[in-house]
file protein.cif (mmCIF, C-alpha atoms)
data_coords
#
loop_
_atom_site.group_PDB
_atom_site.id
_atom_site.type_symbol
_atom_site.label_atom_id
_atom_site.label_comp_id
_atom_site.auth_asym_id
_atom_site.auth_seq_id
_atom_site.Cartn_x
_atom_site.Cartn_y
_atom_site.Cartn_z
ATOM 1 C CA MET A 18 87.367 47.400 153.362
ATOM 2 C CA SER A 19 89.928 48.295 150.802
ATOM 3 C CA SER A 20 87.538 47.620 147.954
ATOM 4 C CA SER A 21 84.856 49.813 149.489
ATOM 5 C CA SER A 22 87.304 52.660 150.074
ATOM 6 C CA GLY A 23 88.445 52.377 146.476
ATOM 7 C CA THR A 24 84.861 52.564 145.305
ATOM 8 C CA LEU A 25 84.277 55.675 147.394
ATOM 9 C CA ALA A 26 87.426 57.281 145.967
ATOM 10 C CA LYS A 27 86.275 56.598 142.418
ATOM 11 C CA ALA A 28 82.883 58.033 143.183
ATOM 12 C CA ALA A 29 84.430 61.175 144.668
ATOM 13 C CA THR A 30 86.657 61.558 141.620
ATOM 14 C CA ALA A 31 83.791 61.112 139.195
ATOM 15 C CA ALA A 32 81.440 63.429 141.062
ATOM 16 C CA PRO A 33 82.621 66.719 139.479
ATOM 17 C CA GLU A 34 82.207 65.225 136.002
ATOM 18 C CA ASN A 35 78.485 64.678 136.528
ATOM 19 C CA PRO A 36 77.044 67.816 138.133
ATOM 20 C CA PRO A 37 73.511 67.774 139.465
ATOM 21 C CA PRO A 38 70.832 68.514 136.868
ATOM 22 C CA ASP A 39 69.720 71.678 138.651
ATOM 23 C CA VAL A 40 73.111 73.448 138.132
ATOM 24 C CA PRO A 41 72.819 75.898 135.156
ATOM 25 C CA ARG A 42 75.224 75.398 132.294
ATOM 26 C CA ILE A 43 77.383 78.417 131.380
ATOM 27 C CA VAL A 44 77.439 79.035 127.634
ATOM 28 C CA PRO A 45 79.736 81.708 126.121
ATOM 29 C CA GLN A 46 77.875 84.563 124.500
ATOM 30 C CA ARG A 47 77.955 84.420 120.738
ATOM 31 C CA ARG A 48 79.229 87.617 119.177
ATOM 32 C CA ALA A 49 78.318 87.194 115.549
ATOM 33 C CA GLY A 50 78.254 90.935 114.960
ATOM 34 C CA GLN A 51 81.905 91.328 115.902
ATOM 35 C CA TRP A 52 82.981 88.557 113.537
ATOM 36 C CA VAL A 53 80.941 90.065 110.712
ATOM 37 C CA ALA A 54 82.470 93.501 111.360
ATOM 38 C CA ALA A 55 85.993 92.024 111.479
ATOM 39 C CA ALA A 56 85.412 90.188 108.200
ATOM 40 C CA ALA A 57 84.090 93.363 106.581
ATOM 41 C CA VAL A 58 87.151 95.336 107.743
ATOM 42 C CA LEU A 59 89.515 92.683 106.378
ATOM 43 C CA VAL A 60 87.715 92.709 103.033
ATOM 44 C CA LEU A 61 87.937 96.503 102.829
ATOM 45 C CA LEU A 62 91.642 96.422 103.720
ATOM 46 C CA ALA A 63 92.279 93.785 101.064
ATOM 47 C CA LEU A 64 90.440 95.866 98.458
ATOM 48 C CA ALA A 65 92.385 98.990 99.434
ATOM 49 C CA LEU A 66 95.722 97.151 99.310
ATOM 50 C CA ASN A 67 94.854 95.624 95.957
ATOM 51 C CA SER A 68 93.913 99.054 94.629
ATOM 52 C CA VAL A 69 97.228 100.552 95.753
ATOM 53 C CA VAL A 70 99.352 97.699 94.413
ATOM 54 C CA ARG A 71 97.601 97.310 91.053
ATOM 55 C CA ASN A 72 97.055 101.012 90.332
ATOM 56 C CA GLU A 73 99.583 101.916 87.659
ATOM 57 C CA ALA A 74 99.317 105.616 88.551
ATOM 58 C CA PHE A 75 101.467 104.972 91.637
ATOM 59 C CA GLN A 76 104.348 103.999 89.318
ATOM 60 C CA TRP A 77 105.980 101.536 91.698
ATOM 61 C CA ASP A 78 108.818 100.946 89.250
ATOM 62 C CA VAL A 79 109.767 104.622 89.563
ATOM 63 C CA VAL A 80 109.546 104.335 93.355
ATOM 64 C CA GLY A 81 111.987 101.431 93.244
ATOM 65 C CA ASP A 82 114.385 103.334 90.972
ATOM 66 C CA TYR A 83 114.609 106.404 93.225
ATOM 67 C CA PHE A 84 114.227 104.756 96.644
ATOM 68 C CA THR A 85 117.973 104.290 97.103
ATOM 69 C CA SER A 86 119.204 106.944 94.713
ATOM 70 C CA ALA A 87 122.162 109.073 95.809
ATOM 71 C CA SER A 88 120.200 112.317 96.090
ATOM 72 C CA VAL A 89 117.459 110.722 98.194
ATOM 73 C CA LEU A 90 119.971 109.041 100.527
ATOM 74 C CA ARG A 91 121.808 112.346 101.000
ATOM 75 C CA GLY A 92 118.535 114.003 101.942
ATOM 76 C CA LEU A 93 117.716 111.138 104.299
ATOM 77 C CA TRP A 94 121.105 111.432 105.996
ATOM 78 C CA LEU A 95 120.624 115.178 106.505
ATOM 79 C CA THR A 96 117.160 114.544 107.958
ATOM 80 C CA LEU A 97 118.539 112.004 110.443
ATOM 81 C CA TRP A 98 121.461 114.260 111.360
ATOM 82 C CA LEU A 99 119.192 117.251 111.852
ATOM 83 C CA THR A 100 116.818 115.194 114.019
ATOM 84 C CA ALA A 101 119.644 113.936 116.253
ATOM 85 C CA VAL A 102 121.243 117.371 116.688
ATOM 86 C CA VAL A 103 117.947 119.129 117.391
ATOM 87 C CA MET A 104 116.843 116.511 119.926
ATOM 88 C CA ALA A 105 120.189 116.583 121.762
ATOM 89 C CA LEU A 106 120.409 120.363 121.922
ATOM 90 C CA GLY A 107 116.689 120.776 122.558
ATOM 91 C CA PHE A 108 116.640 118.457 125.552
ATOM 92 C CA ALA A 109 119.865 119.924 126.930
ATOM 93 C CA LEU A 110 118.351 123.414 126.839
ATOM 94 C CA GLY A 111 114.986 122.042 127.976
ATOM 95 C CA ALA A 112 116.565 120.453 131.060
ATOM 96 C CA VAL A 113 118.078 123.829 131.999
ATOM 97 C CA LEU A 114 114.705 125.494 131.530
ATOM 98 C CA ALA A 115 113.010 122.810 133.616
ATOM 99 C CA MET A 116 115.471 123.440 136.432
ATOM 100 C CA GLY A 117 114.649 127.129 136.152
ATOM 101 C CA ARG A 118 110.914 126.412 136.380
ATOM 102 C CA LEU A 119 111.500 124.360 139.537
ATOM 103 C CA SER A 120 113.987 126.801 141.052
ATOM 104 C CA ALA A 121 113.269 128.741 144.226
ATOM 105 C CA ASN A 122 114.607 131.872 142.517
ATOM 106 C CA PRO A 123 111.631 133.908 141.205
ATOM 107 C CA VAL A 124 113.707 135.472 138.424
ATOM 108 C CA LEU A 125 114.739 132.085 137.032
ATOM 109 C CA ARG A 126 111.172 130.824 137.278
ATOM 110 C CA ALA A 127 109.824 133.875 135.453
ATOM 111 C CA VAL A 128 112.438 133.780 132.678
ATOM 112 C CA SER A 129 111.986 130.047 132.120
ATOM 113 C CA TRP A 130 108.209 130.361 132.088
ATOM 114 C CA GLY A 131 108.418 133.277 129.639
ATOM 115 C CA TYR A 132 110.647 131.299 127.270
ATOM 116 C CA VAL A 133 108.307 128.299 127.273
ATOM 117 C CA TRP A 134 105.271 130.526 126.813
ATOM 118 C CA LEU A 135 106.806 132.461 123.900
ATOM 119 C CA PHE A 136 108.194 129.589 121.849
ATOM 120 C CA ARG A 137 105.178 127.369 122.367
ATOM 121 C CA SER A 138 102.970 130.215 121.163
ATOM 122 C CA MET A 139 104.816 130.763 117.855
ATOM 123 C CA PRO A 140 104.289 128.338 114.943
ATOM 124 C CA ILE A 141 107.515 126.625 113.923
ATOM 125 C CA LEU A 142 107.197 127.860 110.333
ATOM 126 C CA VAL A 143 106.979 131.460 111.561
ATOM 127 C CA GLN A 144 110.083 130.931 113.690
ATOM 128 C CA LEU A 145 112.076 129.517 110.796
ATOM 129 C CA LEU A 146 111.078 132.353 108.468
ATOM 130 C CA PHE A 147 111.906 134.869 111.192
ATOM 131 C CA TRP A 148 115.419 133.456 111.665
ATOM 132 C CA PHE A 149 115.854 133.173 107.915
ATOM 133 C CA ASN A 150 115.234 136.924 107.613
ATOM 134 C CA ILE A 151 117.136 137.950 110.749
ATOM 135 C CA GLY A 152 119.601 139.800 108.524
ATOM 136 C CA ALA A 153 116.963 142.498 107.978
ATOM 137 C CA LEU A 154 117.181 143.340 111.699
ATOM 138 C CA TYR A 155 120.884 142.693 112.259
ATOM 139 C CA PRO A 156 122.871 143.007 109.016
ATOM 140 C CA TYR A 157 126.112 142.270 110.892
ATOM 141 C CA LEU A 158 126.835 139.883 113.765
ATOM 142 C CA PHE A 159 130.305 139.820 115.351
ATOM 143 C CA GLY A 160 131.574 141.935 112.479
ATOM 144 C CA VAL A 161 130.427 139.420 109.849
ATOM 145 C CA LYS A 162 127.490 139.746 107.489
ATOM 146 C CA THR A 163 124.565 137.836 108.898
ATOM 147 C CA VAL A 164 123.874 136.282 105.501
ATOM 148 C CA ASN A 165 127.342 134.742 105.482
ATOM 149 C CA LEU A 166 127.258 133.747 109.137
ATOM 150 C CA LEU A 167 123.881 132.014 109.234
ATOM 151 C CA GLY A 168 123.366 129.536 106.421
ATOM 152 C CA PRO A 169 120.133 127.568 105.879
ATOM 153 C CA ILE A 170 121.282 124.528 107.879
ATOM 154 C CA THR A 171 122.436 126.683 110.812
ATOM 155 C CA ILE A 172 119.124 128.528 110.782
ATOM 156 C CA ALA A 173 117.251 125.212 110.717
ATOM 157 C CA VAL A 174 119.203 123.954 113.751
ATOM 158 C CA ILE A 175 118.634 127.185 115.682
ATOM 159 C CA GLY A 176 114.943 127.456 114.884
ATOM 160 C CA LEU A 177 114.101 123.806 115.534
ATOM 161 C CA THR A 178 116.210 123.648 118.716
ATOM 162 C CA LEU A 179 114.606 126.712 120.294
ATOM 163 C CA HIS A 180 111.179 125.343 119.431
ATOM 164 C CA GLU A 181 112.005 121.853 120.720
ATOM 165 C CA ALA A 182 113.484 123.144 123.983
ATOM 166 C CA ALA A 183 110.190 124.752 125.012
ATOM 167 C CA TYR A 184 108.381 121.404 124.802
ATOM 168 C CA ALA A 185 111.290 119.411 126.231
ATOM 169 C CA ALA A 186 111.309 121.683 129.284
ATOM 170 C CA GLU A 187 107.735 120.720 130.111
ATOM 171 C CA VAL A 188 108.445 117.027 129.514
ATOM 172 C CA VAL A 189 111.441 117.082 131.872
ATOM 173 C CA ARG A 190 109.592 119.159 134.469
ATOM 174 C CA GLY A 191 106.639 116.774 134.412
ATOM 175 C CA GLY A 192 108.944 113.793 134.832
ATOM 176 C CA ILE A 193 110.675 115.325 137.844
ATOM 177 C CA LEU A 194 107.376 116.263 139.474
ATOM 178 C CA SER A 195 106.155 112.681 139.039
ATOM 179 C CA VAL A 196 108.775 111.438 141.541
ATOM 180 C CA ASP A 197 107.314 110.986 144.997
ATOM 181 C CA ARG A 198 108.564 113.645 147.409
ATOM 182 C CA GLY A 199 109.109 110.972 150.040
ATOM 183 C CA GLN A 200 111.832 109.410 147.887
ATOM 184 C CA ILE A 201 113.829 112.642 147.941
ATOM 185 C CA GLU A 202 113.299 113.121 151.664
ATOM 186 C CA ALA A 203 114.469 109.570 152.325
ATOM 187 C CA ALA A 204 117.627 110.220 150.274
ATOM 188 C CA GLN A 205 118.250 113.390 152.265
ATOM 189 C CA ALA A 206 117.833 111.465 155.499
ATOM 190 C CA LEU A 207 120.509 109.030 154.301
ATOM 191 C CA GLY A 208 122.894 111.938 153.823
ATOM 192 C CA LEU A 209 123.203 111.654 150.037
ATOM 193 C CA SER A 210 124.570 114.713 148.265
ATOM 194 C CA ARG A 211 122.354 116.749 145.969
ATOM 195 C CA TRP A 212 124.063 115.392 142.846
ATOM 196 C CA ARG A 213 123.755 111.767 144.034
ATOM 197 C CA ARG A 214 120.093 112.300 144.884
ATOM 198 C CA TRP A 215 119.443 113.518 141.369
ATOM 199 C CA ARG A 216 121.527 110.824 139.688
ATOM 200 C CA ARG A 217 120.516 107.803 141.775
ATOM 201 C CA ILE A 218 116.991 108.626 142.989
ATOM 202 C CA VAL A 219 115.230 111.310 140.960
ATOM 203 C CA LEU A 220 116.361 110.756 137.366
ATOM 204 C CA PRO A 221 115.868 106.959 137.175
ATOM 205 C CA GLN A 222 112.287 107.352 138.397
ATOM 206 C CA ALA A 223 111.621 110.481 136.356
ATOM 207 C CA MET A 224 112.732 108.709 133.175
ATOM 208 C CA ARG A 225 109.671 106.461 133.412
ATOM 209 C CA SER A 226 107.528 109.521 132.758
ATOM 210 C CA ILE A 227 109.990 111.295 130.455
ATOM 211 C CA VAL A 228 110.705 108.531 127.925
ATOM 212 C CA PRO A 229 107.184 108.093 126.403
ATOM 213 C CA PRO A 230 106.624 111.791 125.548
ATOM 214 C CA ALA A 231 110.298 112.159 124.609
ATOM 215 C CA GLY A 232 109.933 109.300 122.134
ATOM 216 C CA ASN A 233 106.831 110.956 120.746
ATOM 217 C CA MET A 234 108.777 114.226 120.396
ATOM 218 C CA LEU A 235 111.607 112.394 118.612
ATOM 219 C CA ILE A 236 109.234 110.991 116.015
ATOM 220 C CA GLY A 237 107.528 114.363 115.698
ATOM 221 C CA THR A 238 110.887 116.070 115.183
ATOM 222 C CA LEU A 239 111.845 113.553 112.498
ATOM 223 C CA LYS A 240 108.708 114.380 110.541
ATOM 224 C CA GLY A 241 108.827 118.052 111.487
ATOM 225 C CA THR A 242 112.240 118.513 109.865
ATOM 226 C CA SER A 243 110.448 118.358 106.520
ATOM 227 C CA ILE A 244 109.371 121.950 107.140
ATOM 228 C CA VAL A 245 112.956 123.150 106.639
ATOM 229 C CA SER A 246 112.430 122.603 102.913
ATOM 230 C CA VAL A 247 110.821 126.068 102.841
ATOM 231 C CA ILE A 248 114.251 127.612 103.507
ATOM 232 C CA ALA A 249 115.977 125.429 100.887
ATOM 233 C CA VAL A 250 117.583 122.921 103.263
ATOM 234 C CA GLN A 251 118.068 119.755 101.222
ATOM 235 C CA ASP A 252 116.481 117.278 103.579
ATOM 236 C CA LEU A 253 114.572 114.178 102.446
ATOM 237 C CA LEU A 254 111.475 116.038 101.311
ATOM 238 C CA TYR A 255 113.422 118.781 99.509
ATOM 239 C CA SER A 256 115.532 116.145 97.750
ATOM 240 C CA VAL A 257 112.501 114.392 96.266
ATOM 241 C CA GLN A 258 110.998 117.767 95.371
ATOM 242 C CA LEU A 259 114.074 118.607 93.329
ATOM 243 C CA VAL A 260 113.627 115.344 91.429
ATOM 244 C CA TYR A 261 109.922 115.652 90.675
ATOM 245 C CA HIS A 262 110.280 119.284 89.668
ATOM 246 C CA ARG A 263 112.576 117.953 86.962
ATOM 247 C CA THR A 264 110.735 114.751 86.013
ATOM 248 C CA TYR A 265 107.130 115.739 86.919
ATOM 249 C CA GLN A 266 106.697 112.343 88.640
ATOM 250 C CA VAL A 267 105.149 113.813 91.764
ATOM 251 C CA ILE A 268 103.263 110.834 93.205
ATOM 252 C CA PRO A 269 106.034 108.213 93.054
ATOM 253 C CA LEU A 270 108.619 110.626 94.489
ATOM 254 C CA LEU A 271 106.302 111.553 97.360
ATOM 255 C CA LEU A 272 105.851 107.836 97.969
ATOM 256 C CA VAL A 273 109.633 107.474 98.227
ATOM 257 C CA ALA A 274 109.747 110.083 100.989
ATOM 258 C CA THR A 275 106.689 108.611 102.705
ATOM 259 C CA ILE A 276 108.099 105.080 102.800
ATOM 260 C CA TRP A 277 111.405 106.304 104.230
ATOM 261 C CA TYR A 278 109.581 108.259 106.958
ATOM 262 C CA VAL A 279 107.511 105.169 107.793
ATOM 263 C CA VAL A 280 110.599 102.934 107.981
ATOM 264 C CA ILE A 281 112.569 105.306 110.246
ATOM 265 C CA THR A 282 109.544 106.010 112.447
ATOM 266 C CA SER A 283 108.937 102.281 112.880
ATOM 267 C CA LEU A 284 112.556 101.704 113.931
ATOM 268 C CA LEU A 285 112.369 104.571 116.417
ATOM 269 C CA SER A 286 109.146 103.142 117.854
ATOM 270 C CA VAL A 287 110.846 99.784 118.431
ATOM 271 C CA GLY A 288 113.754 101.527 120.156
ATOM 272 C CA GLN A 289 111.362 103.519 122.316
ATOM 273 C CA TYR A 290 109.671 100.293 123.433
ATOM 274 C CA TYR A 291 112.929 98.808 124.718
ATOM 275 C CA VAL A 292 114.008 102.045 126.408
ATOM 276 C CA GLU A 293 110.654 102.263 128.173
ATOM 277 C CA ARG A 294 110.959 98.641 129.308
ATOM 278 C CA HIS A 295 114.468 99.328 130.639
ATOM 279 C CA TYR A 296 113.378 102.233 132.838
ATOM 280 C CA ALA A 297 110.173 100.461 133.915
ATOM 281 C CA ARG A 298 112.097 97.693 135.672
ATOM 282 C CA GLY A 299 110.801 97.021 139.154
ATOM 283 C CA SER A 300 107.421 98.662 138.535
ATOM 284 C CA GLU A 301 104.023 97.527 137.318
ATOM 285 C CA ARG A 302 104.751 99.111 133.944
ATOM 286 C CA THR A 303 107.363 96.416 133.248
ATOM 287 C CA ARG A 304 104.630 94.334 131.713
#

call {"tool": "encode", "arguments": {"input": "protein.cif", "output": "structure tokens"}}
result
Amino acid sequence: MSSSSGTLAKAATAAPENPPPDVPRIVPQRRAGQWVAAAAVLVLLALALNSVVRNEAFQWDVVGDYFTSASVLRGLWLTLWLTAVVMALGFALGAVLAMGRLSANPVLRAVSWGYVWLFRSMPILVQLLFWFNIGALYPYLFGVKTVNLLGPITIAVIGLTLHEAAYAAEVVRGGILSVDRGQIEAAQALGLSRWRRWRRIVLPQAMRSIVPPAGNMLIGTLKGTSIVSVIAVQDLLYSVQLVYHRTYQVIPLLLVATIWYVVITSLLSVGQYYVERHYARGSERTR
């Protein structure tokens, strides 16, 4: 009896390995076209990379000489400082504007909407040139000549901040509106104060929607600061322009600025990834 039961067990175990002949066999679809396309793309990328590396017109030795030069690093530091200041002030003002847009007061809603509409309608270059020439409208401010009061860096901070705040206001407002109304009502039912509701319930959930566009704005602001070179602010781009106006080595100096922008943007993208993962805890977006 034991031998027969063992035979039956072996037969049951071996049964799945030998399916009946009438069961169709599943064969993965061959995608030769995709492999050919991938190989062609890799070949083209290799040819392009080889062309860039071996082309002497890029003057990679000049790029290496100026990449960490004192003038370029000073311009890079000013670019990073300007980006940080503009983002901090822009989002601070944008949060106030977002509160105004969501306020029950019609005057605050109208003023906030008008600000966002106006500064999103004006190109940033026009705004900077307008502030740069504000002395033509107001020669004196607070008893001081406007030319002496507002230098190029101050004008850059003002112009970029006012422009950034209009977009930050919409980012913050969208994040707050993304929070389910039931969450706020539940917090009210628990007797939480208005400040605690905002700090413990609304903001942590709103940050899930705020961080991705805010990170995109941060990277855009970093690159957008290059426009301040038109008002003689010695940022990264203006610093390399000063060099190639003297040496006439335009391409390698532009490559220096480009590589620095790529490096900083890549680091900011990595930071954005971890910030997004932090605020996505407990949700499906954690993955």

call {"tool": "residues_around", "arguments": {"input": "protein.cif", "residues": "region 159-176 of chain A", "least_positions_apart": "3", "cutoff": "7 Å", "atoms": "only C-alpha atoms", "output": "ChimeraX atom specification"}}
result
/A:99,103,144-145,148-149,152,155-156,179-180,245,248-250

call {"tool": "write_last_selection", "arguments": {"input": "protein.cif", "atoms": "C-alpha atoms", "output": "compact mmCIF listing (two decimals), keeping the file's coordinate frame"}}
result
# COMPACT_ATOMS: atom_id res chain seq x y z
CA LEU A 99 119.19 117.25 111.85
CA VAL A 103 117.95 119.13 117.39
CA GLN A 144 110.08 130.93 113.69
CA LEU A 145 112.08 129.52 110.80
CA TRP A 148 115.42 133.46 111.66
CA PHE A 149 115.85 133.17 107.92
CA GLY A 152 119.60 139.80 108.52
CA TYR A 155 120.88 142.69 112.26
CA PRO A 156 122.87 143.01 109.02
CA LEU A 179 114.61 126.71 120.29
CA HIS A 180 111.18 125.34 119.43
CA VAL A 245 112.96 123.15 106.64
CA ILE A 248 114.25 127.61 103.51
CA ALA A 249 115.98 125.43 100.89
CA VAL A 250 117.58 122.92 103.26

call {"tool": "closest_residue", "arguments": {"input": "protein.cif", "among": "A:Tyr255, A:Leu119, A:Tyr132, A:Leu177", "to": "Ile193 (chain A)", "atoms": "all atoms listed in the file"}}
result
A:Leu119

call {"tool": "axis_aligned_box", "arguments": {"input": "protein.cif", "around": "region 132-140 of chain A", "padding_each_side": "6 Å", "output": "lines of an AutoDock Vina configuration file"}}
result
center_x = 106.8
center_y = 129.9
center_z = 121.1
size_x = 19.7
size_y = 17.1
size_z = 24.3

call {"tool": "atom_distance", "arguments": {"input": "protein.cif", "atom1": "CA of Ile268 (chain A)", "atom2": "CA of Arg71 (chain A)"}}
result
14.8 Å

call {"tool": "residues_around", "arguments": {"input": "protein.cif", "residues": "Val188 (chain A)", "least_positions_apart": "6", "cutoff": "9 Å", "atoms": "all atoms listed in the file", "output": "list in words"}}
result
Gly111, Ala112, Ala115, Ser226, Ile227, Val228, Pro230 and Ala231 of chain A

call {"tool": "decode", "arguments": {"input": "protein.cif", "residues": "region 268-290 of chain A", "atoms": "C-alpha atoms", "output": "mmCIF file, in the first residue's frame"}}
result
data_model
loop_
_atom_site.group_PDB
_atom_site.id
_atom_site.type_symbol
_atom_site.label_atom_id
_atom_site.label_comp_id
_atom_site.auth_asym_id
_atom_site.auth_seq_id
_atom_site.Cartn_x
_atom_site.Cartn_y
_atom_site.Cartn_z
ATOM 1 C CA ILE A 268 32.538 77.867 -27.808
ATOM 2 C CA PRO A 269 34.728 76.505 -24.995
ATOM 3 C CA LEU A 270 33.595 79.228 -22.573
ATOM 4 C CA LEU A 271 29.938 78.539 -23.358
ATOM 5 C CA LEU A 272 30.667 74.873 -22.719
ATOM 6 C CA VAL A 273 32.042 75.800 -19.290
ATOM 7 C CA ALA A 274 28.769 77.507 -18.382
ATOM 8 C CA THR A 275 26.711 74.682 -19.882
ATOM 9 C CA ILE A 276 28.518 71.961 -17.934
ATOM 10 C CA TRP A 277 28.119 73.863 -14.664
ATOM 11 C CA TYR A 278 24.380 74.311 -15.299
ATOM 12 C CA VAL A 279 24.060 70.589 -16.058
ATOM 13 C CA VAL A 280 25.939 69.600 -12.887
ATOM 14 C CA ILE A 281 23.887 71.865 -10.584
ATOM 15 C CA THR A 282 20.606 70.896 -12.253
ATOM 16 C CA SER A 283 21.429 67.208 -11.827
ATOM 17 C CA LEU A 284 22.156 67.686 -8.115
ATOM 18 C CA LEU A 285 18.901 69.591 -7.648
ATOM 19 C CA SER A 286 16.998 66.816 -9.431
ATOM 20 C CA VAL A 287 18.445 64.232 -7.038
ATOM 21 C CA GLY A 288 17.448 66.390 -4.069
ATOM 22 C CA GLN A 289 13.954 66.815 -5.470
ATOM 23 C CA TYR A 290 13.593 63.033 -5.742
#
